[in-house]
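Shown next, in structure tokens, is the structure this report addresses.
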Amino acid sequence: MASASRKRSTAAPRRARKQNTPRFIAAVRFADGRTQCFSVDNAADHADARRMVFDELSEVAAVVISDYR
């Protein structure tokens with residue numbers, strides 16, 4: 001009995017899924033009273049996102065970090 005052979009697909013090979021890295025949004029209040037929101041895409045966790053905001057911006061009075069949805 002002949003064994004069945006697999007046909008090669010002509011479709012493009014599937015790409016590996018990109019790992020879901022967490023995204024965060026930072027609501028920042030500056031010392032002069034202004035507020036602004038920033039997207040933080042390359043932080044590992046909430047604490048890392050907060051640290052990155054303080055490292056990148058000056059005269060920050062308060063920061064609230066949340067998951068980006």
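Scheme for the structure tokens: letters A, B, ... for chains in order shown; per-chain residue numbers from 1; ligand numbers from 1 in order shown.
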
List as a list in words the protein and nucleic acid residues near region 62-65 of chain A, meaning an atom at most 8 Å away when only C-alpha atoms are counted, but skip any in the same chain fewer than 6 places from it. Phe24, Ile25, Ala26, Ala27, Val28, Arg29, Phe30, His46, Ala49, Arg50 and Val53 of chain A

Written selection (N, CA and C atoms) as a JSON list (two decimals), in the first residue's frame:
[["chain", "number", "residue", "atom", "x", "y", "z"],
["A", 24, "PHE", "N", 1.47, 51.13, 28.50],
["A", 24, "PHE", "CA", 0.97, 51.93, 29.60],
["A", 24, "PHE", "C", 0.68, 53.34, 29.12],
["A", 25, "ILE", "N", -0.19, 54.02, 29.84],
["A", 25, "ILE", "CA", -0.45, 55.43, 29.59],
["A", 25, "ILE", "C", -0.15, 56.17, 30.90],
["A", 26, "ALA", "N", 0.53, 57.29, 30.77],
["A", 26, "ALA", "CA", 0.91, 58.08, 31.94],
["A", 26, "ALA", "C", 0.21, 59.42, 31.89],
["A", 27, "ALA", "N", -0.56, 59.72, 32.92],
["A", 27, "ALA", "CA", -1.16, 61.04, 33.07],
["A", 27, "ALA", "C", -0.23, 61.85, 33.96],
["A", 28, "VAL", "N", 0.30, 62.93, 33.42],
["A", 28, "VAL", "CA", 1.34, 63.70, 34.11],
["A", 28, "VAL", "C", 0.82, 65.09, 34.43],
["A", 29, "ARG", "N", 1.06, 65.52, 35.67],
["A", 29, "ARG", "CA", 0.80, 66.91, 36.07],
["A", 29, "ARG", "C", 2.16, 67.54, 36.33],
["A", 30, "PHE", "N", 2.40, 68.66, 35.67],
["A", 30, "PHE", "CA", 3.65, 69.37, 35.82],
["A", 30, "PHE", "C", 3.56, 70.39, 36.95],
["A", 46, "HIS", "N", 4.40, 48.64, 35.75],
["A", 46, "HIS", "CA", 3.96, 49.99, 36.15],
["A", 46, "HIS", "C", 5.08, 50.80, 36.79],
["A", 49, "ALA", "N", 7.46, 51.99, 34.13],
["A", 49, "ALA", "CA", 6.86, 53.08, 33.36],
["A", 49, "ALA", "C", 6.94, 54.40, 34.13],
["A", 50, "ARG", "N", 6.65, 54.35, 35.43],
["A", 50, "ARG", "CA", 6.73, 55.55, 36.27],
["A", 50, "ARG", "C", 8.15, 56.10, 36.32],
["A", 53, "VAL", "N", 9.04, 57.87, 33.08],
["A", 53, "VAL", "CA", 8.43, 59.20, 32.97],
["A", 53, "VAL", "C", 9.27, 60.22, 33.74]]

Could you please write out, as a PyMOL selection string, every residue of region 21-61 of chain A that DSSP assigns to strand (DSSP E or B)? chain A and resi 24-30+35-40+60-61

Proximity to Asp45 (chain A) - best of A:Tyr68, A:Asp32, A:Pro22, A:Val60, only C-alpha atoms: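 The shortest atom-to-atom distance to Asp45 (chain A) comes from A:Pro22.
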
Distance criterion (only C-alpha atoms): nearest to Asn20 (chain A) out of A:Gln36, A:Ala47, A:Met52, A:Asn42: A:Asn42

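Residues of region 11-66 of chain A assigned to alpha helix (DSSP H) by DSSP on this structure's backbone: A:His46, A:Ala47, A:Asp48, A:Ala49, A:Arg50, A:Arg51, A:Met52, A:Val53, A:Phe54, A:Asp55, A:Glu56.
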
Rounded to one decimal place, report the CA of Arg69 (chain A)-CA of Asp55 (chain A) distance in Å.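 So the answer is 23.9 Å.
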